[in-house]
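Visitor: Got a structure for you, input-v8.cif, holding mmCIF, C-alpha atoms (C1' of nucleotides).
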```cif
data_upload
loop_
_atom_site.label_atom_id
_atom_site.label_comp_id
_atom_site.auth_asym_id
_atom_site.auth_seq_id
_atom_site.Cartn_x
_atom_site.Cartn_y
_atom_site.Cartn_z
CA MET H 1 -10.64 27.83 -29.59
CA GLN H 2 -8.83 30.35 -27.45
CA SER H 3 -10.56 32.89 -25.30
CA ARG H 4 -10.16 36.51 -26.24
CA ILE H 5 -10.41 39.70 -24.30
CA SER H 6 -13.56 41.45 -25.32
CA TYR H 7 -12.84 44.87 -23.93
CA ARG H 8 -9.77 46.78 -25.02
CA ASN H 9 -7.11 46.76 -22.38
CA LEU H 10 -3.74 48.06 -23.38
CA PRO H 11 -1.66 47.07 -20.34
CA GLN H 12 -3.11 43.61 -20.74
CA LEU H 13 -2.08 43.42 -24.35
CA PHE H 14 1.37 44.68 -23.50
CA LEU H 15 1.75 41.89 -21.02
CA LYS H 16 0.65 39.27 -23.48
CA ALA H 17 2.80 40.59 -26.29
CA ARG H 18 5.82 40.83 -24.06
CA GLU H 19 5.36 37.26 -22.92
CA GLU H 20 5.09 36.23 -26.55
CA LEU H 21 8.60 37.54 -27.07
CA ILE H 22 10.33 36.82 -23.79
CA CYS H 23 9.30 33.17 -23.80
CA HIS H 24 11.83 32.58 -26.54
CA PHE H 25 14.69 33.89 -24.44
CA ARG H 26 13.79 32.67 -20.99
CA PRO H 27 14.99 29.10 -21.63
CA ILE H 28 18.42 30.41 -22.56
CA LEU H 29 18.81 32.36 -19.36
CA ASN H 30 17.40 29.58 -17.23
CA HIS H 31 19.97 27.31 -18.78
CA PHE H 32 22.66 29.45 -17.22
CA GLY H 33 20.85 29.88 -13.93
CA LEU H 34 20.05 33.52 -14.58
CA THR H 35 16.81 35.42 -14.29
CA GLU H 36 15.58 38.06 -16.70
CA GLN H 37 16.53 40.87 -14.38
CA GLN H 38 19.96 39.50 -13.68
CA TRP H 39 20.63 39.24 -17.39
CA ARG H 40 19.39 42.77 -18.03
CA ILE H 41 21.81 44.03 -15.42
CA LEU H 42 24.74 42.00 -16.73
CA ARG H 43 24.02 43.19 -20.24
CA VAL H 44 23.93 46.84 -19.26
CA LEU H 45 27.02 46.55 -17.12
CA SER H 46 28.91 45.02 -20.02
CA GLU H 47 28.27 48.20 -21.96
CA ARG H 48 28.65 50.85 -19.33
CA GLU H 49 31.63 49.59 -17.37
CA GLN H 50 30.27 50.84 -14.08
CA LEU H 51 26.90 51.99 -12.84
CA GLU H 52 25.24 53.15 -9.67
CA PRO H 53 22.15 51.40 -8.34
CA TRP H 54 19.77 54.21 -9.22
CA GLU H 55 21.01 54.10 -12.81
CA ILE H 56 20.38 50.39 -12.99
CA CYS H 57 16.92 50.94 -11.58
CA ASP H 58 16.20 53.48 -14.27
CA ILE H 59 17.66 51.58 -17.17
CA CYS H 60 16.46 48.12 -16.24
CA GLN H 61 13.01 49.01 -14.91
CA ILE H 62 13.72 47.54 -11.52
CA LEU H 63 12.55 49.21 -8.35
CA SER H 64 15.12 49.99 -5.73
CA PRO H 65 13.88 47.46 -3.17
CA SER H 66 14.00 44.68 -5.75
CA LEU H 67 17.40 45.71 -6.95
CA ALA H 68 18.88 45.44 -3.49
CA GLY H 69 18.12 41.74 -3.37
CA VAL H 70 19.06 41.12 -6.98
CA LEU H 71 22.46 42.75 -6.63
CA ALA H 72 23.13 40.93 -3.38
CA ARG H 73 22.41 37.59 -5.05
CA MET H 74 24.54 38.48 -8.05
CA ASP H 75 27.33 39.44 -5.71
CA ASP H 76 26.94 36.09 -3.97
CA LEU H 77 27.20 34.40 -7.36
CA GLY H 78 30.37 36.38 -8.00
CA VAL H 79 29.28 37.96 -11.26
CA ILE H 80 29.39 41.55 -10.04
CA SER H 81 31.29 43.58 -7.50
CA ARG H 82 30.03 46.44 -5.37
CA SER H 83 32.04 49.22 -3.79
CA ARG H 84 31.42 52.56 -2.16
CA VAL H 85 32.13 55.92 -3.72
CA PRO H 86 34.92 57.42 -1.60
CA GLU H 87 33.60 60.97 -1.92
CA ASP H 88 30.07 60.05 -0.97
CA GLN H 89 29.69 57.10 1.32
CA ARG H 90 26.00 56.85 0.52
CA ARG H 91 26.61 55.91 -3.08
CA VAL H 92 27.59 52.51 -4.48
CA ILE H 93 29.42 51.52 -7.65
CA VAL H 94 28.47 48.29 -9.38
CA ARG H 95 30.86 46.62 -11.79
CA LEU H 96 31.08 43.39 -13.71
CA SER H 97 33.44 40.85 -12.18
CA PRO H 98 35.76 38.85 -14.47
CA ARG H 99 33.42 35.93 -14.06
CA GLY H 100 30.51 38.15 -14.96
CA SER H 101 32.24 39.27 -18.13
CA GLU H 102 32.87 35.68 -19.13
CA LEU H 103 29.22 34.90 -18.59
CA VAL H 104 28.12 37.77 -20.80
CA GLU H 105 30.55 36.72 -23.51
CA GLU H 106 29.12 33.25 -23.36
CA ILE H 107 25.45 34.13 -23.34
CA ALA H 108 25.26 37.22 -25.52
CA PRO H 109 25.82 35.35 -28.81
CA LEU H 110 23.05 32.92 -27.94
CA ILE H 111 20.61 35.72 -27.19
CA GLN H 112 21.67 37.39 -30.38
CA ALA H 113 21.06 34.22 -32.37
CA GLN H 114 17.64 33.73 -30.86
CA TYR H 115 16.79 37.34 -31.56
CA ARG H 116 17.59 36.81 -35.21
CA LYS H 117 15.26 33.85 -35.31
CA LEU H 118 12.58 36.02 -33.81
CA GLU H 119 13.17 38.79 -36.27
CA GLU H 120 13.02 36.26 -39.02
CA ALA H 121 9.67 34.95 -37.88
CA LEU H 122 7.97 38.23 -37.10
CA GLY H 123 9.35 40.08 -40.05
CA ARG H 124 11.58 43.07 -40.16
CA GLU H 125 8.66 45.43 -40.73
CA LEU H 126 6.78 44.42 -37.63
CA ILE H 127 9.90 44.68 -35.52
CA ASP H 128 10.62 48.16 -36.78
CA GLU H 129 7.03 49.16 -36.24
CA LEU H 130 7.25 47.87 -32.69
CA TYR H 131 10.31 49.91 -31.85
CA SER H 132 8.73 52.96 -33.37
CA VAL H 133 5.44 52.72 -31.49
CA LEU H 134 7.01 51.82 -28.18
CA ASP H 135 9.41 54.71 -28.44
CA LYS H 136 6.51 57.03 -29.07
CA VAL H 137 4.76 55.84 -25.95
CA ILE H 138 7.83 56.01 -23.78
CA THR H 139 9.67 59.11 -24.85
CA GLY H 140 6.91 60.50 -26.98
CA PRO H 141 6.29 64.22 -26.87
CA HIS H 142 2.66 63.56 -26.10
CA ALA H 143 0.80 65.90 -23.82
CA PRO H 144 0.91 65.06 -20.14
CA VAL H 145 -1.86 62.72 -19.11
CA GLU H 146 -4.36 64.40 -16.85
CA ARG H 147 -5.37 62.59 -13.71
CA ILE H 148 -8.99 62.21 -12.78
CA THR H 149 -10.09 63.15 -9.29
CA LEU H 150 -10.94 60.23 -7.07
CA PRO H 151 -14.12 60.27 -5.04
CA ALA H 152 -13.62 60.22 -1.28
CA ARG H 153 -14.02 56.69 -0.11
CA SER H 154 -12.61 54.53 2.61
CA PRO H 155 -10.49 51.79 1.14
CA ALA H 156 -11.89 48.29 1.24
CA PRO H 157 -11.92 47.07 4.82
CA ALA H 158 -9.66 44.07 4.65
CA THR H 159 -10.54 41.36 7.12
CA PRO H 160 -7.15 39.86 7.87
CA THR H 161 -8.32 38.09 10.99
CA GLU H 162 -10.57 35.75 9.05
CA LYS H 163 -9.41 32.32 8.07
CA ARG H 164 -8.67 31.66 4.41
CA LYS H 165 -11.72 30.33 2.62
CA ARG H 166 -11.51 27.21 0.53
CA VAL H 167 -13.78 25.78 -2.12
CA PRO H 168 -15.56 22.86 -0.54
CA ARG H 169 -16.03 19.76 -2.61
CA SER H 170 -19.75 19.50 -3.13
CA ALA H 171 -21.25 16.50 -1.41
CA ALA H 172 -23.66 15.82 -4.27
CA ARG H 173 -21.57 13.21 -6.02
CA THR H 174 -20.17 11.60 -2.93
CA ALA H 175 -23.64 11.31 -1.49
CA ALA H 176 -24.91 9.77 -4.69
CA LYS H 177 -22.34 7.00 -4.43
CA GLN H 178 -23.76 5.89 -1.18
CA MET A 179 18.87 64.03 -18.27
CA GLN A 180 17.55 60.51 -18.35
CA SER A 181 19.62 57.48 -19.17
CA ARG A 182 18.71 55.57 -22.26
CA ILE A 183 19.11 51.97 -23.19
CA SER A 184 21.76 51.74 -25.83
CA TYR A 185 21.08 48.27 -27.13
CA ARG A 186 17.69 47.36 -28.52
CA ASN A 187 15.73 45.23 -26.14
CA LEU A 188 12.11 44.68 -26.98
CA PRO A 189 10.87 43.03 -23.79
CA GLN A 190 12.51 45.88 -21.93
CA LEU A 191 10.71 48.46 -24.00
CA PHE A 192 7.44 46.65 -23.54
CA LEU A 193 7.90 46.83 -19.82
CA LYS A 194 8.66 50.50 -19.88
CA ALA A 195 5.82 51.36 -22.22
CA ARG A 196 3.39 49.34 -20.19
CA GLU A 197 4.47 51.08 -17.02
CA GLU A 198 3.98 54.39 -18.79
CA LEU A 199 0.32 53.50 -19.22
CA ILE A 200 -0.49 51.55 -16.10
CA CYS A 201 0.88 54.22 -13.80
CA HIS A 202 -2.15 56.33 -14.62
CA PHE A 203 -4.55 53.64 -13.46
CA ARG A 204 -2.74 52.16 -10.50
CA PRO A 205 -3.69 55.01 -8.15
CA ILE A 206 -7.36 54.45 -8.89
CA LEU A 207 -7.22 50.78 -8.04
CA ASN A 208 -5.06 51.31 -4.98
CA HIS A 209 -7.64 53.80 -3.81
CA PHE A 210 -10.11 50.96 -3.61
CA GLY A 211 -7.66 48.53 -2.13
CA LEU A 212 -7.39 46.49 -5.31
CA THR A 213 -4.37 45.22 -7.19
CA GLU A 214 -4.05 45.20 -10.95
CA GLN A 215 -4.70 41.50 -11.13
CA GLN A 216 -7.74 41.67 -8.93
CA TRP A 217 -9.21 44.38 -11.10
CA ARG A 218 -8.52 42.47 -14.29
CA ILE A 219 -10.39 39.53 -12.84
CA LEU A 220 -13.32 41.62 -11.64
CA ARG A 221 -13.54 43.30 -15.01
CA VAL A 222 -13.60 40.08 -16.92
CA LEU A 223 -16.07 38.49 -14.55
CA SER A 224 -18.41 41.42 -14.99
CA GLU A 225 -18.55 40.59 -18.67
CA ARG A 226 -18.56 36.84 -18.69
CA GLU A 227 -20.85 36.09 -15.77
CA GLN A 228 -18.91 33.02 -14.75
CA LEU A 229 -15.47 31.67 -15.50
CA GLU A 230 -13.25 28.80 -14.57
CA PRO A 231 -9.77 29.37 -13.15
CA TRP A 232 -7.94 28.23 -16.27
CA GLU A 233 -9.96 30.70 -18.33
CA ILE A 234 -9.03 33.50 -15.98
CA CYS A 235 -5.39 32.46 -16.23
CA ASP A 236 -5.56 32.62 -19.98
CA ILE A 237 -7.49 35.85 -20.28
CA CYS A 238 -5.78 37.77 -17.49
CA GLN A 239 -2.23 36.55 -17.98
CA ILE A 240 -2.01 35.17 -14.49
CA LEU A 241 -0.27 31.90 -13.74
CA SER A 242 -2.20 29.23 -11.97
CA PRO A 243 -0.13 29.37 -8.78
CA SER A 244 -0.66 33.11 -8.53
CA LEU A 245 -4.32 32.83 -9.27
CA ALA A 246 -4.91 30.45 -6.40
CA GLY A 247 -3.82 33.09 -3.93
CA VAL A 248 -5.52 35.95 -5.72
CA LEU A 249 -8.88 34.21 -5.83
CA ALA A 250 -8.59 33.17 -2.22
CA ARG A 251 -7.98 36.76 -1.15
CA MET A 252 -10.80 38.04 -3.32
CA ASP A 253 -13.04 35.45 -1.78
CA ASP A 254 -11.95 36.66 1.64
CA LEU A 255 -12.82 40.19 0.60
CA GLY A 256 -16.21 38.93 -0.47
CA VAL A 257 -16.06 40.20 -4.03
CA ILE A 258 -16.25 36.81 -5.71
CA SER A 259 -17.68 33.41 -4.98
CA ARG A 260 -16.26 30.04 -5.87
CA SER A 261 -18.11 26.76 -6.30
CA ARG A 262 -17.46 23.35 -7.71
CA VAL A 263 -18.84 22.07 -10.98
CA PRO A 264 -21.24 19.27 -10.00
CA GLU A 265 -20.39 17.16 -13.04
CA ASP A 266 -16.65 17.48 -12.54
CA GLN A 267 -15.44 17.87 -9.01
CA ARG A 268 -12.02 18.99 -10.18
CA ARG A 269 -13.31 22.13 -11.79
CA VAL A 270 -14.29 25.37 -10.09
CA ILE A 271 -16.68 28.12 -11.12
CA VAL A 272 -15.85 31.70 -10.21
CA ARG A 273 -18.56 34.34 -10.12
CA LEU A 274 -18.90 37.94 -9.07
CA SER A 275 -20.58 38.43 -5.72
CA PRO A 276 -23.14 41.24 -5.31
CA ARG A 277 -20.49 43.23 -3.53
CA GLY A 278 -18.09 42.57 -6.38
CA SER A 279 -20.63 43.84 -8.88
CA GLU A 280 -21.09 47.02 -6.89
CA LEU A 281 -17.36 47.52 -6.83
CA VAL A 282 -17.09 47.15 -10.58
CA GLU A 283 -19.97 49.56 -11.10
CA GLU A 284 -18.18 52.04 -8.89
CA ILE A 285 -14.71 51.73 -10.37
CA ALA A 286 -15.37 51.09 -14.04
CA PRO A 287 -16.47 54.67 -14.81
CA LEU A 288 -13.34 56.04 -13.18
CA ILE A 289 -11.11 53.77 -15.20
CA GLN A 290 -13.05 54.72 -18.28
CA ALA A 291 -12.60 58.40 -17.54
CA GLN A 292 -8.87 58.01 -17.00
CA TYR A 293 -8.59 56.02 -20.17
CA ARG A 294 -10.16 58.88 -22.08
CA LYS A 295 -7.62 61.28 -20.63
CA LEU A 296 -4.91 58.92 -21.75
CA GLU A 297 -6.35 58.63 -25.21
CA GLU A 298 -6.57 62.37 -25.33
CA ALA A 299 -2.93 62.82 -24.41
CA LEU A 300 -1.44 60.11 -26.59
CA GLY A 301 -3.64 60.75 -29.54
CA ARG A 302 -6.14 58.49 -31.20
CA GLU A 303 -3.68 57.50 -33.91
CA LEU A 304 -1.04 56.25 -31.56
CA ILE A 305 -3.58 54.28 -29.58
CA ASP A 306 -4.93 52.63 -32.71
CA GLU A 307 -1.43 51.89 -33.88
CA LEU A 308 -0.66 50.29 -30.55
CA TYR A 309 -3.64 47.96 -30.69
CA SER A 310 -2.76 47.04 -34.22
CA VAL A 311 0.88 46.21 -33.56
CA LEU A 312 0.24 44.37 -30.33
CA ASP A 313 -2.43 42.28 -31.97
CA LYS A 314 -0.01 41.36 -34.71
CA VAL A 315 2.55 40.18 -32.19
CA ILE A 316 0.05 38.21 -30.15
CA THR A 317 -2.27 36.60 -32.65
CA GLY A 318 -0.25 37.39 -35.70
CA PRO A 319 0.02 34.72 -38.36
CA HIS A 320 3.77 35.03 -38.25
CA ALA A 321 5.89 32.00 -38.80
CA PRO A 322 6.74 29.97 -35.70
CA VAL A 323 9.87 31.18 -34.00
CA GLU A 324 12.69 28.68 -34.24
CA ARG A 325 14.57 27.84 -31.10
CA ILE A 326 18.33 27.82 -31.03
CA THR A 327 20.12 24.82 -29.60
CA LEU A 328 21.77 25.41 -26.27
CA PRO A 329 25.32 24.26 -25.64
CA ALA A 330 25.73 21.64 -22.97
CA ARG A 331 26.76 23.36 -19.79
CA SER A 332 26.25 22.89 -16.11
CA PRO A 333 24.08 25.65 -14.71
CA ALA A 334 25.77 28.22 -12.52
CA PRO A 335 26.75 26.58 -9.26
CA ALA A 336 24.75 28.58 -6.77
CA THR A 337 26.40 28.86 -3.40
CA PRO A 338 23.40 29.11 -1.10
CA THR A 339 25.36 28.25 2.00
CA GLU A 340 27.34 31.45 1.88
CA LYS A 341 26.28 34.41 3.89
CA ARG A 342 24.79 37.39 2.08
CA LYS A 343 27.47 39.86 1.15
CA ARG A 344 27.10 43.51 2.03
CA VAL A 345 28.80 46.58 0.69
CA PRO A 346 31.32 47.62 3.30
CA ARG A 347 31.58 51.30 4.00
CA SER A 348 35.01 52.21 2.79
CA ALA A 349 37.39 53.27 5.52
CA ALA A 350 39.10 55.79 3.24
CA ARG A 351 37.21 58.82 4.41
CA THR A 352 37.06 57.83 8.04
CA ALA A 353 40.79 57.20 8.00
CA ALA A 354 41.46 60.55 6.37
CA LYS A 355 39.67 62.29 9.18
CA GLN A 356 42.20 61.01 11.57
"C1'" DA G 357 -13.87 -3.68 -13.15
"C1'" DG G 358 -9.04 -2.11 -12.93
"C1'" DA G 359 -4.85 0.23 -14.12
"C1'" DA G 360 -2.49 3.67 -16.66
"C1'" DG G 361 -2.71 8.26 -18.35
"C1'" DA G 362 -4.57 12.93 -18.63
"C1'" DT G 363 -6.63 17.21 -16.31
"C1'" DC G 364 -7.39 20.59 -13.12
"C1'" DA G 365 -6.80 23.25 -9.09
"C1'" DC G 366 -3.68 23.76 -5.69
"C1'" DT G 367 0.81 23.89 -3.12
"C1'" DT G 368 5.81 24.68 -2.51
"C1'" DC G 369 9.96 27.23 -3.16
"C1'" DG G 370 12.93 30.83 -4.55
"C1'" DA G 371 13.04 35.34 -6.82
"C1'" DT G 372 10.91 39.71 -7.96
"C1'" DG G 373 7.30 43.61 -7.71
"C1'" DT G 374 5.10 47.31 -4.58
"C1'" DT G 375 4.62 50.02 -0.84
"C1'" DA G 376 6.24 51.88 3.33
"C1'" DG G 377 9.77 53.08 6.28
"C1'" DG G 378 14.59 53.07 8.46
"C1'" DG G 379 19.76 54.22 8.76
"C1'" DA G 380 23.67 56.48 7.29
"C1'" DG G 381 25.82 60.25 4.81
"C1'" DT G 382 25.72 64.99 2.85
"C1'" DC G 383 24.66 69.81 2.75
"C1'" DA G 384 23.02 74.25 4.23
"C1'" DA G 385 21.31 77.30 7.65
"C1'" DC G 386 21.67 78.71 12.09
"C1'" DG L 387 29.06 72.63 15.66
"C1'" DT L 388 24.72 71.33 15.72
"C1'" DT L 389 20.32 70.99 13.88
"C1'" DG L 390 17.20 69.93 10.11
"C1'" DA L 391 16.14 68.72 5.40
"C1'" DC L 392 17.47 65.92 1.93
"C1'" DT L 393 19.44 61.91 -0.72
"C1'" DC L 394 20.72 57.24 -1.38
"C1'" DC L 395 20.56 52.51 -0.41
"C1'" DC L 396 18.59 49.27 2.19
"C1'" DT L 397 15.11 46.33 5.00
"C1'" DA L 398 10.36 44.71 6.01
"C1'" DA L 399 5.99 42.91 4.74
"C1'" DC L 400 3.03 41.32 1.59
"C1'" DA L 401 1.56 39.88 -3.13
"C1'" DT L 402 2.83 37.99 -7.52
"C1'" DC L 403 5.86 35.46 -10.82
"C1'" DG L 404 7.87 31.17 -12.67
"C1'" DA L 405 9.14 26.36 -12.28
"C1'" DA L 406 8.17 22.08 -10.37
"C1'" DG L 407 5.37 18.95 -8.15
"C1'" DT L 408 0.93 16.98 -5.44
"C1'" DG L 409 -3.69 15.19 -4.89
"C1'" DA L 410 -8.01 14.38 -6.42
"C1'" DT L 411 -10.84 13.46 -10.27
"C1'" DC L 412 -11.97 12.08 -14.75
"C1'" DT L 413 -10.95 9.33 -19.09
"C1'" DT L 414 -9.26 5.68 -21.79
"C1'" DC L 415 -7.52 1.38 -22.59
"C1'" DT L 416 -7.18 -3.27 -21.32
#
```
Could I get this structure in the form of structure tokens?

Guide:
Amino acid sequence: MQSRISYRNLPQLFLKAREELICHFRPILNHFGLTEQQWRILRVLSEREQLEPWEICDICQILSPSLAGVLARMDDLGVISRSRVPEDQRRVIVRLSPRGSELVEEIAPLIQAQYRKLEEALGRELIDELYSVLDKVITGPHAPVERITLPARSPAPATPTEKRKRVPRSAARTAAKQ
Amino acid sequence: MQSRISYRNLPQLFLKAREELICHFRPILNHFGLTEQQWRILRVLSEREQLEPWEICDICQILSPSLAGVLARMDDLGVISRSRVPEDQRRVIVRLSPRGSELVEEIAPLIQAQYRKLEEALGRELIDELYSVLDKVITGPHAPVERITLPARSPAPATPTEKRKRVPRSAARTAAKQ
DNA sequence: AGAAGATCACTTCGATGTTAGGGAGTCAAC
DNA sequence: GTTGACTCCCTAACATCGAAGTGATCTTCT
């Protein structure tokens, strides 16, 4: 009944599997007006007391440009506070605000509960297997992946001046009516 | 040297693991001016001859709103063609254009080559294990995941009228200079 | 036939991902 | 002390994500 990918595509499968898990938590976060990224950051901050932006980028898998906006919004919401490092005016310290701490205290148990339901459904074995395999891919002592050499080629000539094409409604049926 | 996530967070790990893989392919696609999504679509179209948007959404893990834009741009680039289904004017048929076919023929071997390098580095076992585990999560006959009940609560009162906060540069050091 | 309901592609809006580049601060060499 | 290289955070521009909703078309029931 459902379509299936015929060729093997790992990144694709990762995406699908991840969605299969995250979809059970998203409603909880949405309920509190938070996004996935915002929650990741709150969660990490609740454990590390204070972090610098580059650390958050690394831990939470968020690129620096994205993080800038995310932190600004979270600051607007009043769940975090940002301040400069006195010794190095380039650097920034991010902390949880009191309100942010409350929010974590309120949400964390719910996430935890949902996680248990998930664990229950998937089975302890599968969960353990998942952690194991993912760890191997991420931190694994596998040999460095070689990079193939790309053939010289001019990148696709984008035609930005053209007007966006649309799918015309075929006149067949309309014509038939008349 | 690198920070590590202390608490176990599966979606997080999925993201990181996926990035660990995709980063080896992204340069290839960028070289040809393609995005990941565009390539996924091209790849699938090269195997299925013709597809409807909802099928592409399902197979490629792309939401309908995103797909609309992606297909439009690909149409602009001339790598696909879109047409209506005569019997049902709501539906659309997406096909590969000749130029799109050429592009797939050109890129596919490169992706294939890089994939072999990856397989080589990670090891056949790990790759197999990955497919196995991911399949279990996605299609697995695991019990349905229960959903916890959310406590009644008004969502976070966003304050969109406020002006975006910035991190002030502390005056400490400047003051000390004087 | 006609109205209500279901489908499908598309649009809208706010937030995030990606890539490229800018501004300020730090450090070392001159 | 000034220049140049570097680092860190940030902005800009564009594409995608995720939720919600629209319009047109098809289906079903009356």

Visitor: Please determine, counting all atoms listed in the file, which residue among A:Pro243, A:Pro205, A:Pro287, A:Pro189 has the shortest atom-to-atom distance to chain G.

Guide: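 Between A:Pro243, A:Pro205, A:Pro287, A:Pro189, the residue approaching chain G most closely is A:Pro243.
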
Visitor: Determine the residue set returned by the PyMOL selection byres ((chain G and resi 370) around 12) for the present structure, and present it as an MDAnalysis selection string.

Guide: (chainID H and resid 35 73) or (chainID A and resid 338) or (chainID G and resid 368:369 371:372) or (chainID L and resid 403:406)

Visitor: Given only C-alpha atoms (C1' of nucleotides) as the basis, pick out the residue of A:Met252, A:Leu245, A:Ile271, A:Val311 nearest to chain L.

Guide: A:Leu245

Visitor: Identify every residue of chain L that has at least one atom within 12 Å of any atom of chain A, counting all atoms listed in the file, and report the result as a list in words.

Guide: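 Applying the cut-off to the listed atoms yields DC395, DC396, DA401, DT402, DC403, DG404, DA405, DA406, DG407, DG409, DA410, DT411, DC412 and DT413 of chain L.
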
Visitor: Please write the residues picked by the PyMOL selection byres ((chain G) within 8 of (chain H)) on this file as a list in words.

Guide: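 The output of the PyMOL selection byres ((chain G) within 8 of (chain H)) on this file is DT372, DG373, DA380, DG381 and DT382 of chain G.
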
Visitor: Identify all residues satisfying the PyMOL selection byres ((chain A) within 6 of (chain H)) in the given file; provide them as a list of chain:residue names.

Guide: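 Applying the expression gives A:Pro189, A:Ala195, A:Arg196, A:Phe210, A:Gly211, A:Gln292, A:Lys295, A:Leu296, A:Ala299, A:Leu300, A:Val315, A:Ile316, A:His320, A:Ala321, A:Val323, A:Glu324, A:Ile326, A:Pro333, A:Ala334.
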
Visitor: So the first atom is C1' of DT416 (chain L) and the second is C1' of DG361 (chain G); what is the distance between them in Å, to one decimal place?

Guide: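 Distance between the two atoms: 12.7 Å.
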
Visitor: For a test of reading the model, state the distance in Å between CA of Gly278 (chain A) and CA of Glu230 (chain A), rounded to one decimal.

Guide: 16.7 Å

Visitor: State the Cα RMSD (Å, one decimal) obtained when chain A is least-squares superposed onto chain H, all Cα atoms paired in order.

Guide: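 C-alpha RMSD, chain A fitted to chain H: 0.2 Å.
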
Visitor: Quote the spacing between CA of Ser242 (chain A) and C1' of DA365 (chain G) in Å to one decimal place.

Guide: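 Interatomic distance, CA of Ser242 (chain A) to C1' of DA365 (chain G): 8.1 Å.
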
Visitor: Taking 6 positions as the minimum chain separation for residues in the same chain, which residues sit within 12 Å of DA391 (chain L) when counting all atoms listed in the file? Answer as a tab-separated table (two decimals) with C-alpha atoms (C1' of nucleotides), keeping the file's coordinate frame.

Guide:
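Heads up, here's the output in part-v6.tsv:
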```tsv
chain	number	residue	atom	x	y	z
G	382	DT	C1'	25.72	64.99	2.85
G	383	DC	C1'	24.66	69.81	2.75
G	384	DA	C1'	23.02	74.25	4.23
G	385	DA	C1'	21.31	77.30	7.65
```

Visitor: Nearest to DA376 (chain G): which of L:DT389, L:DT397, L:DT408, L:DT414 is it, counting only C-alpha atoms (C1' of nucleotides)?

Guide: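 Smallest distance to DA376 (chain G) is found for L:DT397.
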
Visitor: Report, as AutoDock Vina command-line options, the axis-aligned box around all atoms of region 393-408 of chain L present in the file, extended by 5 Å on each side; give centre and edge lengths in Å to one decimal place.

Guide:
```
--center_x 10.8 --center_y 39.4 --center_z -3.3 --size_x 29.8 --size_y 54.9 --size_z 28.7
```
